[in-house]
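S.K.: Here you go, structure.cif (mmCIF, C-alpha atoms and all ligand atoms):
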data_query
#
loop_
_atom_site.group_PDB
_atom_site.id
_atom_site.type_symbol
_atom_site.label_atom_id
_atom_site.label_comp_id
_atom_site.auth_asym_id
_atom_site.auth_seq_id
_atom_site.Cartn_x
_atom_site.Cartn_y
_atom_site.Cartn_z
ATOM 1 C CA MET A 1 42.625 275.454 128.709
ATOM 2 C CA ILE A 2 39.044 276.646 128.782
ATOM 3 C CA LYS A 3 38.881 275.836 132.446
ATOM 4 C CA LYS A 4 42.048 277.805 133.183
ATOM 5 C CA PHE A 5 40.746 280.710 131.176
ATOM 6 C CA LEU A 6 37.460 280.680 133.124
ATOM 7 C CA VAL A 7 39.268 280.696 136.425
ATOM 8 C CA PHE A 8 41.264 283.658 135.271
ATOM 9 C CA ILE A 9 38.097 285.570 134.302
ATOM 10 C CA LEU A 10 36.486 284.796 137.640
ATOM 11 C CA LEU A 11 39.550 285.996 139.497
ATOM 12 C CA ALA A 12 39.732 289.135 137.400
ATOM 13 C CA CYS A 13 36.041 289.895 138.038
ATOM 14 C CA SER A 14 36.195 289.342 141.746
ATOM 15 C CA PHE A 15 39.283 291.516 141.896
ATOM 16 C CA THR A 16 37.510 294.387 140.116
ATOM 17 C CA ALA A 17 34.510 294.106 142.406
ATOM 18 C CA PHE A 18 36.823 293.974 145.390
ATOM 19 C CA ALA A 19 38.793 297.024 144.301
ATOM 20 C CA GLN A 20 35.672 299.051 143.540
ATOM 21 C CA ARG A 21 33.928 298.181 146.735
ATOM 22 C CA ASN A 22 36.892 299.278 148.791
ATOM 23 C CA ARG A 23 37.658 302.447 146.926
ATOM 24 C CA ASP A 24 35.975 304.620 149.554
ATOM 25 C CA PHE A 25 36.738 302.684 152.723
ATOM 26 C CA GLN A 26 39.975 302.396 154.639
ATOM 27 C CA ILE A 27 41.026 300.476 157.694
ATOM 28 C CA ALA A 28 44.044 301.273 159.865
ATOM 29 C CA ILE A 29 45.086 298.525 162.253
ATOM 30 C CA ASN A 30 46.436 299.974 165.481
ATOM 31 C CA ASP A 31 48.497 297.233 167.103
ATOM 32 C CA PRO A 32 51.499 298.918 168.761
ATOM 33 C CA ALA A 33 52.528 295.826 170.794
ATOM 34 C CA ASN A 34 52.397 293.728 167.635
ATOM 35 C CA VAL A 35 50.227 290.970 169.090
ATOM 36 C CA LEU A 36 48.408 290.178 165.820
ATOM 37 C CA ASP A 37 50.220 287.985 163.311
ATOM 38 C CA ALA A 38 50.232 288.747 159.597
ATOM 39 C CA GLU A 39 47.549 286.188 158.739
ATOM 40 C CA THR A 40 45.179 287.524 161.397
ATOM 41 C CA LYS A 41 45.689 291.068 160.159
ATOM 42 C CA SER A 42 45.016 289.980 156.616
ATOM 43 C CA ASN A 43 41.820 288.145 157.679
ATOM 44 C CA LEU A 44 40.615 291.187 159.629
ATOM 45 C CA THR A 45 41.288 293.437 156.655
ATOM 46 C CA ALA A 46 39.477 291.044 154.305
ATOM 47 C CA ALA A 47 36.454 290.843 156.640
ATOM 48 C CA PHE A 48 36.402 294.631 156.890
ATOM 49 C CA ASN A 49 36.515 294.971 153.105
ATOM 50 C CA LEU A 50 33.597 292.574 152.753
ATOM 51 C CA GLN A 51 31.305 293.701 155.579
ATOM 52 C CA TYR A 52 31.936 297.365 156.290
ATOM 53 C CA PRO A 53 30.866 298.754 152.867
ATOM 54 C CA ILE A 54 27.568 296.841 153.183
ATOM 55 C CA PHE A 55 27.148 298.224 156.699
ATOM 56 C CA ALA A 56 27.981 301.777 155.574
ATOM 57 C CA ASN A 57 25.541 301.609 152.657
ATOM 58 C CA ALA A 58 22.808 300.399 154.986
ATOM 59 C CA ASP A 59 23.754 302.756 157.791
ATOM 60 C CA GLY A 60 22.959 305.459 155.349
ATOM 61 C CA TYR A 61 23.773 308.843 156.609
ATOM 62 C CA ARG A 62 27.263 310.276 157.066
ATOM 63 C CA THR A 63 28.769 306.964 158.057
ATOM 64 C CA LYS A 64 32.498 307.216 158.641
ATOM 65 C CA ARG A 65 34.595 305.790 155.825
ATOM 66 C CA SER A 66 37.906 305.587 157.665
ATOM 67 C CA VAL A 67 38.026 303.017 160.406
ATOM 68 C CA VAL A 68 40.583 302.364 163.125
ATOM 69 C CA LEU A 69 40.880 298.804 164.399
ATOM 70 C CA GLU A 70 42.325 298.469 167.865
ATOM 71 C CA VAL A 71 43.392 295.521 169.953
ATOM 72 C CA ALA A 72 41.481 296.101 173.185
ATOM 73 C CA ASN A 73 41.627 292.916 175.233
ATOM 74 C CA PRO A 74 40.136 294.031 178.545
ATOM 75 C CA GLU A 75 37.317 295.811 176.764
ATOM 76 C CA THR A 76 36.006 293.032 174.597
ATOM 77 C CA GLU A 77 35.701 289.270 174.731
ATOM 78 C CA THR A 78 35.320 289.025 170.980
ATOM 79 C CA ILE A 79 34.771 291.897 168.581
ATOM 80 C CA LYS A 80 33.009 295.244 168.886
ATOM 81 C CA ALA A 81 32.289 297.525 165.974
ATOM 82 C CA LYS A 82 30.645 300.796 165.134
ATOM 83 C CA ALA A 83 31.043 303.474 162.487
ATOM 84 C CA GLY A 84 34.731 304.374 162.366
ATOM 85 C CA GLU A 85 35.824 302.029 165.153
ATOM 86 C CA ILE A 86 36.472 298.316 165.566
ATOM 87 C CA LYS A 87 37.909 296.645 168.657
ATOM 88 C CA VAL A 88 39.054 293.047 168.864
ATOM 89 C CA ASN A 89 40.353 290.716 171.507
ATOM 90 C CA SER A 90 43.682 289.278 170.349
ATOM 91 C CA ASP A 91 43.062 285.880 171.979
ATOM 92 C CA TRP A 92 39.688 285.567 170.321
ATOM 93 C CA VAL A 93 40.873 286.560 166.883
ATOM 94 C CA LYS A 94 44.008 284.374 166.858
ATOM 95 C CA GLY A 95 43.656 281.525 164.351
ATOM 96 C CA LYS A 96 40.030 282.421 163.627
ATOM 97 C CA SER A 97 38.799 281.632 160.123
ATOM 98 C CA LEU A 98 37.847 284.452 157.811
ATOM 99 C CA LYS A 99 34.309 283.016 157.698
ATOM 100 C CA LYS A 100 33.946 283.288 161.486
ATOM 101 C CA ILE A 101 35.402 286.802 161.600
ATOM 102 C CA ASN A 102 33.034 287.877 158.832
ATOM 103 C CA LYS A 103 30.022 286.566 160.692
ATOM 104 C CA GLU A 104 30.969 288.095 164.044
ATOM 105 C CA LEU A 105 31.965 291.423 162.514
ATOM 106 C CA TRP A 106 28.586 291.677 160.757
ATOM 107 C CA ALA A 107 26.744 290.788 163.984
ATOM 108 C CA ALA A 108 28.760 293.443 165.851
ATOM 109 C CA LEU A 109 27.995 296.087 163.210
ATOM 110 C CA ALA A 110 24.273 295.225 163.114
ATOM 111 C CA LYS A 111 24.118 295.826 166.894
ATOM 112 C CA ASN A 112 24.407 299.553 166.106
ATOM 113 C CA TRP A 113 20.856 299.513 164.819
ATOM 114 C CA SER A 114 17.732 299.385 166.933
ATOM 115 C CA SER A 115 16.289 296.822 164.589
ATOM 116 C CA TYR A 116 17.431 294.878 161.563
ATOM 117 C CA SER A 117 15.220 292.481 159.668
ATOM 118 C CA THR A 118 14.678 291.054 156.211
ATOM 119 C CA ASN A 119 11.376 289.999 154.666
ATOM 120 C CA GLN A 120 10.746 288.169 151.416
ATOM 121 C CA HIS A 121 7.505 287.724 149.547
ATOM 122 C CA LYS A 122 6.807 286.508 146.005
ATOM 123 C CA GLY A 123 10.302 287.217 144.705
ATOM 124 C CA TYR A 124 10.672 290.605 146.378
ATOM 125 C CA LYS A 125 12.954 291.312 149.310
ATOM 126 C CA LEU A 126 12.990 294.134 151.821
ATOM 127 C CA THR A 127 15.723 294.762 154.384
ATOM 128 C CA PHE A 128 14.494 297.067 157.109
ATOM 129 C CA ILE A 129 16.853 298.916 159.436
ATOM 130 C CA SER A 130 15.792 301.306 162.139
ATOM 131 C CA LYS A 131 18.244 303.534 163.952
ATOM 132 C CA ASP A 132 15.398 304.915 166.021
ATOM 133 C CA PRO A 133 14.733 302.913 169.214
ATOM 134 C CA ASN A 134 11.373 304.683 169.511
ATOM 135 C CA LEU A 135 10.061 303.906 166.045
ATOM 136 C CA ASP A 136 6.384 303.017 166.407
ATOM 137 C CA PRO A 137 6.030 299.273 165.587
ATOM 138 C CA THR A 138 2.797 300.017 163.706
ATOM 139 C CA VAL A 139 4.540 302.562 161.481
ATOM 140 C CA ARG A 140 7.357 300.065 160.880
ATOM 141 C CA GLN A 141 4.886 297.361 159.872
ATOM 142 C CA ASN A 142 2.918 299.788 157.671
ATOM 143 C CA LEU A 143 6.081 300.817 155.807
ATOM 144 C CA ILE A 144 6.962 297.153 155.219
ATOM 145 C CA ASP A 145 3.397 296.225 154.159
ATOM 146 C CA THR A 146 3.186 299.194 151.794
ATOM 147 C CA TYR A 147 6.424 298.127 150.091
ATOM 148 C CA PHE A 148 5.086 294.629 149.394
ATOM 149 C CA GLU A 149 1.701 296.003 148.351
ATOM 150 C CA ILE A 150 2.843 298.739 145.993
ATOM 151 C CA TYR A 151 6.395 298.105 144.752
ATOM 152 C CA PRO A 152 5.692 294.968 142.647
ATOM 153 C CA THR A 153 2.860 296.863 140.909
ATOM 154 C CA LEU A 154 5.155 299.793 140.087
ATOM 155 C CA VAL A 155 7.861 297.455 138.796
ATOM 156 C CA LYS A 156 5.368 295.586 136.608
ATOM 157 C CA THR A 157 3.759 298.777 135.321
ATOM 158 C CA PHE A 158 6.820 300.916 134.627
ATOM 159 C CA ASN A 159 10.117 299.051 134.645
ATOM 160 C CA GLU A 160 10.419 295.287 134.968
ATOM 161 C CA LYS A 161 14.201 295.549 135.184
ATOM 162 C CA SER A 162 14.027 297.285 138.589
ATOM 163 C CA THR A 163 15.748 295.587 141.500
ATOM 164 C CA HIS A 164 13.710 293.177 143.633
ATOM 165 C CA ASP A 165 15.960 293.808 146.608
ATOM 166 C CA VAL A 166 15.271 297.052 148.473
ATOM 167 C CA LEU A 167 16.624 298.541 151.672
ATOM 168 C CA PHE A 168 14.665 300.859 154.014
ATOM 169 C CA VAL A 169 16.563 302.823 156.662
ATOM 170 C CA VAL A 170 14.861 304.932 159.312
ATOM 171 C CA ASP A 171 17.465 307.399 160.519
ATOM 172 C CA THR A 172 17.311 309.872 163.402
ATOM 173 C CA ALA A 173 20.177 311.983 161.978
ATOM 174 C CA TYR A 174 18.381 312.570 158.672
ATOM 175 C CA LYS A 175 16.192 315.666 158.809
ATOM 176 C CA ALA A 176 14.350 315.885 155.459
ATOM 177 C CA VAL A 177 11.341 313.643 154.696
ATOM 178 C CA ALA A 178 12.777 310.745 152.706
ATOM 179 C CA GLU A 179 15.075 310.097 149.778
ATOM 180 C CA ALA A 180 15.962 307.282 147.437
ATOM 181 C CA SER A 181 19.417 306.443 146.131
ATOM 182 C CA GLY A 182 20.296 303.196 144.410
ATOM 183 C CA ASN A 183 18.173 300.524 146.091
ATOM 184 C CA ARG A 184 18.056 302.350 149.430
ATOM 185 C CA ILE A 185 15.339 304.580 150.831
ATOM 186 C CA LEU A 186 16.199 306.755 153.761
ATOM 187 C CA PHE A 187 13.301 307.866 155.996
ATOM 188 C CA SER A 188 13.522 310.610 158.574
ATOM 189 C CA ALA A 189 12.624 309.191 161.994
ATOM 190 C CA GLY A 190 11.380 312.627 163.074
ATOM 191 C CA TYR A 191 9.122 313.006 160.046
ATOM 192 C CA MET A 192 7.595 309.538 160.460
ATOM 193 C CA LYS A 193 6.936 310.246 164.137
ATOM 194 C CA ALA A 194 5.163 313.505 163.265
ATOM 195 C CA HIS A 195 3.322 312.003 160.253
ATOM 196 C CA PRO A 196 2.696 308.331 161.107
ATOM 197 C CA THR A 197 -0.107 307.986 158.542
ATOM 198 C CA ASP A 198 1.988 309.242 155.625
ATOM 199 C CA ILE A 199 2.853 305.740 154.467
ATOM 200 C CA ASP A 200 2.574 306.619 150.771
ATOM 201 C CA VAL A 201 5.990 308.241 151.126
ATOM 202 C CA VAL A 202 6.869 304.623 150.272
ATOM 203 C CA THR A 203 4.956 304.880 146.986
ATOM 204 C CA HIS A 204 6.677 308.132 145.969
ATOM 205 C CA GLU A 205 10.159 306.950 146.967
ATOM 206 C CA THR A 206 9.965 303.424 145.562
ATOM 207 C CA MET A 207 8.844 305.014 142.288
ATOM 208 C CA HIS A 208 12.234 306.774 142.272
ATOM 209 C CA ILE A 209 13.897 303.338 142.400
ATOM 210 C CA VAL A 210 11.707 302.192 139.493
ATOM 211 C CA GLN A 211 12.500 305.401 137.582
ATOM 212 C CA GLY A 212 16.258 304.758 137.826
ATOM 213 C CA TYR A 213 16.951 307.545 135.330
ATOM 214 C CA GLY A 214 20.558 308.130 136.346
ATOM 215 C CA TYR A 215 22.159 311.505 135.840
ATOM 216 C CA SER A 216 20.951 314.230 133.466
ATOM 217 C CA ALA A 217 18.008 312.299 132.044
ATOM 218 C CA GLY A 218 15.559 315.174 132.396
ATOM 219 C CA PRO A 219 14.499 318.049 134.643
ATOM 220 C CA VAL A 220 13.922 317.472 138.359
ATOM 221 C CA TRP A 221 10.351 318.844 138.204
ATOM 222 C CA LEU A 222 9.480 316.067 135.754
ATOM 223 C CA THR A 223 11.027 313.295 137.874
ATOM 224 C CA GLU A 224 9.279 314.568 141.026
ATOM 225 C CA GLY A 225 6.030 315.287 139.201
ATOM 226 C CA ILE A 226 5.929 311.710 137.937
ATOM 227 C CA ALA A 227 6.672 310.315 141.422
ATOM 228 C CA ASP A 228 3.801 312.320 142.929
ATOM 229 C CA TYR A 229 1.466 311.464 140.033
ATOM 230 C CA VAL A 230 2.243 307.806 140.744
ATOM 231 C CA ARG A 231 1.578 308.378 144.436
ATOM 232 C CA TYR A 232 -1.783 309.878 143.485
ATOM 233 C CA LYS A 233 -2.704 307.048 141.138
ATOM 234 C CA TYR A 234 -1.252 303.996 142.922
ATOM 235 C CA GLY A 235 -0.918 305.157 146.556
ATOM 236 C CA VAL A 236 -2.587 302.938 149.163
ATOM 237 C CA ASP A 237 -4.009 305.539 151.553
ATOM 238 C CA ASN A 238 -3.849 309.143 150.400
ATOM 239 C CA VAL A 239 -7.121 309.891 152.211
ATOM 240 C CA GLY A 240 -5.740 308.537 155.487
ATOM 241 C CA SER A 241 -2.750 310.881 155.277
ATOM 242 C CA LYS A 242 -4.900 313.827 154.061
ATOM 243 C CA TRP A 243 -2.686 314.053 150.971
ATOM 244 C CA SER A 244 -4.222 315.662 147.900
ATOM 245 C CA LEU A 245 -3.377 317.524 144.724
ATOM 246 C CA PRO A 246 -3.758 321.303 145.156
ATOM 247 C CA ALA A 247 -6.329 323.066 142.954
ATOM 248 C CA TYR A 248 -5.029 324.989 139.968
ATOM 249 C CA ASN A 249 -4.330 328.721 140.251
ATOM 250 C CA GLU A 250 -2.704 331.213 137.902
ATOM 251 C CA LYS A 251 0.454 331.579 139.963
ATOM 252 C CA GLN A 252 1.410 327.962 139.372
ATOM 253 C CA SER A 253 3.778 326.542 136.778
ATOM 254 C CA TYR A 254 4.318 322.947 135.727
ATOM 255 C CA LYS A 255 7.892 323.496 136.891
ATOM 256 C CA ASN A 256 6.646 323.879 140.488
ATOM 257 C CA SER A 257 7.204 320.121 140.657
ATOM 258 C CA TYR A 258 5.649 317.561 143.053
ATOM 259 C CA ARG A 259 1.868 317.811 143.569
ATOM 260 C CA ILE A 260 1.254 320.827 141.292
ATOM 261 C CA THR A 261 2.916 319.016 138.397
ATOM 262 C CA ALA A 262 1.186 315.777 139.404
ATOM 263 C CA ARG A 263 -2.278 317.381 139.095
ATOM 264 C CA PHE A 264 -1.341 318.640 135.623
ATOM 265 C CA PHE A 265 -0.311 315.080 134.737
ATOM 266 C CA ALA A 266 -3.632 313.696 136.021
ATOM 267 C CA TRP A 267 -5.393 316.256 133.790
ATOM 268 C CA LEU A 268 -3.231 315.291 130.787
ATOM 269 C CA GLU A 269 -3.947 311.590 131.303
ATOM 270 C CA GLN A 270 -7.681 312.299 131.513
ATOM 271 C CA ASN A 271 -8.084 314.900 128.777
ATOM 272 C CA VAL A 272 -5.174 314.669 126.359
ATOM 273 C CA LYS A 273 -3.407 311.332 126.220
ATOM 274 C CA PRO A 274 -3.972 308.317 128.467
ATOM 275 C CA GLY A 275 -0.655 306.522 129.075
ATOM 276 C CA LEU A 276 1.412 309.680 128.486
ATOM 277 C CA ILE A 277 3.230 309.517 131.843
ATOM 278 C CA ALA A 278 4.369 305.926 131.285
ATOM 279 C CA LYS A 279 5.715 306.935 127.854
ATOM 280 C CA LEU A 280 7.634 309.911 129.280
ATOM 281 C CA ASP A 281 8.973 307.705 132.071
ATOM 282 C CA GLU A 282 10.236 305.193 129.518
ATOM 283 C CA GLN A 283 11.969 307.907 127.486
ATOM 284 C CA LEU A 284 13.594 309.402 130.569
ATOM 285 C CA ARG A 285 15.002 306.007 131.531
ATOM 286 C CA ALA A 286 16.337 305.470 128.005
ATOM 287 C CA HIS A 287 17.829 308.995 128.071
ATOM 288 C CA GLN A 288 15.744 309.822 124.990
ATOM 289 C CA TYR A 289 13.582 312.505 126.579
ATOM 290 C CA THR A 290 13.734 316.030 125.135
ATOM 291 C CA GLU A 291 11.227 318.900 125.121
ATOM 292 C CA GLN A 292 10.221 317.581 121.706
ATOM 293 C CA SER A 293 8.840 314.440 123.411
ATOM 294 C CA TRP A 294 5.690 316.389 124.385
ATOM 295 C CA VAL A 295 5.067 317.303 120.748
ATOM 296 C CA THR A 296 5.699 313.745 119.594
ATOM 297 C CA PHE A 297 3.174 312.286 122.030
ATOM 298 C CA THR A 298 0.490 315.017 122.086
ATOM 299 C CA GLY A 299 1.068 317.316 119.098
ATOM 300 C CA LYS A 300 1.715 320.248 121.475
ATOM 301 C CA THR A 301 4.586 321.673 123.491
ATOM 302 C CA VAL A 302 4.478 321.409 127.284
ATOM 303 C CA ASP A 303 3.858 325.190 127.472
ATOM 304 C CA GLN A 304 0.884 324.921 125.095
ATOM 305 C CA LEU A 305 -0.475 322.021 127.151
ATOM 306 C CA TRP A 306 -0.083 324.034 130.365
ATOM 307 C CA ASP A 307 -1.989 326.933 128.742
ATOM 308 C CA ASP A 308 -4.801 324.573 127.780
ATOM 309 C CA TYR A 309 -4.835 323.251 131.353
ATOM 310 C CA GLY A 310 -5.081 326.802 132.728
ATOM 311 C CA LYS A 311 -8.116 327.505 130.559
ATOM 312 C CA ASN A 312 -10.051 324.519 131.820
ATOM 313 C CA PRO A 313 -8.267 322.886 134.743
ATOM 314 C CA SER A 314 -11.090 320.690 135.985
ATOM 315 C CA VAL A 315 -10.175 317.052 136.457
ATOM 316 C CA GLU A 316 -11.956 314.229 138.171
ATOM 317 C CA LEU A 317 -9.753 313.031 141.018
ATOM 318 C CA LYS A 318 -10.165 309.818 142.971
ATOM 319 C CA TYR A 319 -8.022 309.200 146.058
ATOM 320 C CA SER A 320 -7.135 305.860 147.613
ATOM 321 C CA ASP A 321 -8.610 305.259 151.045
ATOM 322 C CA LYS A 322 -7.538 302.327 153.195
ATOM 323 C CA LYS A 323 -10.658 302.554 155.358
ATOM 324 C CA SER A 324 -13.001 302.057 152.413
ATOM 325 C CA LYS A 325 -11.159 298.927 151.207
HETATM 326 ZN ZN ZN B 1 10.964 312.589 145.173
#
Show me this structure written as structure tokens.
Ligand SMILES: [Zn+2]

M.R.:
Amino acid sequence: MIKKFLVFILLACSFTAFAQRNRDFQIAINDPANVLDAETKSNLTAAFNLQYPIFANADGYRTKRSVVLEVANPETETIKAKAGEIKVNSDWVKGKSLKKINKELWAALAKNWSSYSTNQHKGYKLTFISKDPNLDPTVRQNLIDTYFEIYPTLVKTFNEKSTHDVLFVVDTAYKAVAEASGNRILFSAGYMKAHPTDIDVVTHETMHIVQGYGYSAGPVWLTEGIADYVRYKYGVDNVGSKWSLPAYNEKQSYKNSYRITARFFAWLEQNVKPGLIAKLDEQLRAHQYTEQSWVTFTGKTVDQLWDDYGKNPSVELKYSDKKSK
């Protein structure tokens, strides 16, 4: 009885996962001559449902969600696949096990990337995909090395529940600098080409994974200010990328976000309350942060603290420098 019940739960769970994963992806099988039998079609659909969402998540940017599968015998010996389009050879696919189709479909999808690799070190994993055939191998290696150097420290320091399985995608179609969503960080190929030494983008972006605040946890300036404060404090080579916190001036506000907010945070840690940023980060993640949090931790509102900062903004700053290590 217990065994039966367990099997039922397992089936129910895998069905939910299956249904959720496929919510956004559709396949249409175009087989006008009806050369594929029902079992083959069902295996192809199952393989698509398993592999394509993983591909689309990794592919990153504007990947097509509707896919047409065509039987194209003269064009392919086996299976060919790209975003929105799969082609199979009917002789090859006939009687093929789902396992084999899965494997070959994944291999065909991964061919769309210039490089695809996975690295593991001390319980942390990084999958690295480049869609840029001209990505400098040194930049690629530096991004990977920086992940393994910095991410475990951030996880240990701020949020031990963070994922240990991260995906980096360098995309030519993405035009901003970089962004994090879920466990994936998207890097602009153009930006990395123009700024090959700016490897602490990894520190800022992986901090967003560690933050994992979800929606409406707090203001954006606070999230970004924390990420840049963390880049300042834990970054591996801010000197090498000529990255620094801009000096205070009267036109600034703590809501300016990024480096202006980060310098304010460095000042707060030095002059008001060491450990304040980690406490705010914890509250944001627990969705307990309010404007009152500043008063609870420091006895003053954030506006009062900013006024104090404006009166005496000097702070001793120390930047990481790879060359001096
Ligand atoms: Zn950011």

S.K.: Around ligand ZN 1 (chain B), which protein and nucleic acid residues have at least one atom no more than 10 Å from it, if we count only C-alpha atoms and all ligand atoms? List them as a VMD selection string.

M.R.: chain A and resid 177 to 180 201 203 to 208 220 to 221 223 to 228 257 to 258

S.K.: For the atom pair atom CA of Trp106 of chain A and atom CA of Gln51 of chain A, what is the interatomic distance in Å to one decimal place?

M.R.: 6.2 Å

S.K.: Can I get the residues of segment 111-173 of chain A within 10 Å of segment 268-281 of chain A, each with the closest pair of atoms and their distance in Å to one decimal, using only C-alpha atoms, sorted chain first then ascending number, as CSV?

M.R.:
residue,atom,partner,partner_atom,distance
A:Thr157,CA,A:Ala278,CA,8.2
A:Phe158,CA,A:Ala278,CA,6.5
A:Asn159,CA,A:Asp281,CA,9.1

S.K.: May I have the residues within 7 Å of segment 32-49 of chain A as a ChimeraX atom specification, using all atoms listed in the file and disregarding those fewer than 4 positions away in the same chain?

M.R.: /A:22,53,90,94-95,98,101-102

S.K.: Residues at most 12 Å from Tyr191 of chain A, counting all atoms listed in the file, excluding those fewer than 3 positions away in the same chain, as a list of chain:residue names?

M.R.: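 That gives A:Asp132, A:Leu135, A:Val139, A:Val170, A:Asp171, A:Thr172, A:Ala173, A:Tyr174, A:Lys175, A:Ala176, A:Val177, A:Ala178, A:Leu186, A:Phe187, A:Ser188, A:Ala194, A:His195, A:Pro196, A:Thr197, A:Asp198, A:Ile199, A:Val201.
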
S.K.: Mind pulling up the distance from atom CA of Lys87 of chain A to atom CA of Asn73 of chain A?

M.R.: 8.4 Å

S.K.: Can you build me a table of segment 268-319 of chain A residues sitting at most 9 Å from segment 210-215 of chain A, with the closest atom pair per residue and its distance in Å to one decimal, using all atoms listed in the file, sorted by chain and residue number, as a tab-separated table?

M.R.:
residue	atom	partner	partner_atom	distance
A:Asp281	CA	A:Gln211	CA	6.9
A:Glu282	CA	A:Gln211	CA	8.4
A:Leu284	CA	A:Tyr213	CA	6.1
A:Arg285	CA	A:Tyr213	CA	4.5
A:Ala286	CA	A:Tyr213	CA	7.6
A:His287	CA	A:Tyr213	CA	7.5

S.K.: Tell me which of A:Val93, A:Ala72, A:Leu126, A:Leu143 sits closest to Asp165 of chain A, counting all atoms listed in the file.

M.R.: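 When distances to Asp165 of chain A are compared using all atoms listed in the file, the smallest one comes from A:Leu126.
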
S.K.: Applying the PyMOL selection byres (((chain A and resi 167) around 7) and not hetatm) to the file I just gave you, which residues come out? Please list them as a VMD selection string.

M.R.: chain A and resid 126 to 128 165 to 166 168 to 169 183 to 185

S.K.: Please, can segment 111-116 of chain A be completed to all heavy atoms and returned as a compact mmCIF listing (two decimals), keeping the file's coordinate frame?

M.R.:
# COMPACT_ATOMS: atom_id res chain seq x y z
N LYS A 111 24.54 295.42 165.54
CA LYS A 111 24.12 295.83 166.89
C LYS A 111 23.97 297.34 167.02
O LYS A 111 23.38 297.83 167.98
CB LYS A 111 25.14 295.35 167.93
CG LYS A 111 24.87 293.95 168.40
CD LYS A 111 25.76 293.61 169.59
CE LYS A 111 25.73 292.11 169.84
NZ LYS A 111 26.93 291.65 170.52
N ASN A 112 24.53 298.09 166.07
CA ASN A 112 24.41 299.55 166.11
C ASN A 112 23.00 300.02 165.78
O ASN A 112 22.65 301.18 165.99
CB ASN A 112 25.37 300.19 165.11
CG ASN A 112 26.81 300.06 165.56
OD1 ASN A 112 27.25 300.79 166.43
ND2 ASN A 112 27.51 299.08 165.01
N TRP A 113 22.21 299.14 165.22
CA TRP A 113 20.86 299.51 164.82
C TRP A 113 19.85 299.03 165.85
O TRP A 113 20.02 297.98 166.46
CB TRP A 113 20.55 298.90 163.45
CG TRP A 113 21.51 299.33 162.38
CD1 TRP A 113 22.05 300.57 162.24
CD2 TRP A 113 22.08 298.53 161.34
NE1 TRP A 113 22.91 300.60 161.15
CE2 TRP A 113 22.94 299.35 160.59
CE3 TRP A 113 21.92 297.18 160.96
CZ2 TRP A 113 23.64 298.89 159.48
CZ3 TRP A 113 22.63 296.72 159.86
CH2 TRP A 113 23.48 297.57 159.13
N SER A 114 18.76 299.79 165.98
CA SER A 114 17.73 299.38 166.93
C SER A 114 17.02 298.15 166.43
O SER A 114 16.61 297.30 167.23
CB SER A 114 16.72 300.50 167.11
OG SER A 114 17.39 301.67 167.48
N SER A 115 16.84 298.06 165.12
CA SER A 115 16.29 296.82 164.59
C SER A 115 16.83 296.57 163.20
O SER A 115 17.17 297.51 162.47
CB SER A 115 14.76 296.86 164.57
OG SER A 115 14.30 297.66 163.51
N TYR A 116 16.92 295.30 162.87
CA TYR A 116 17.43 294.88 161.56
C TYR A 116 16.67 293.62 161.19
O TYR A 116 16.67 292.64 161.93
CB TYR A 116 18.94 294.59 161.67
CG TYR A 116 19.52 293.87 160.48
CD1 TYR A 116 19.76 294.56 159.30
CD2 TYR A 116 19.81 292.52 160.54
CE1 TYR A 116 20.28 293.90 158.19
CE2 TYR A 116 20.35 291.85 159.45
CZ TYR A 116 20.58 292.55 158.28
OH TYR A 116 21.10 291.89 157.20
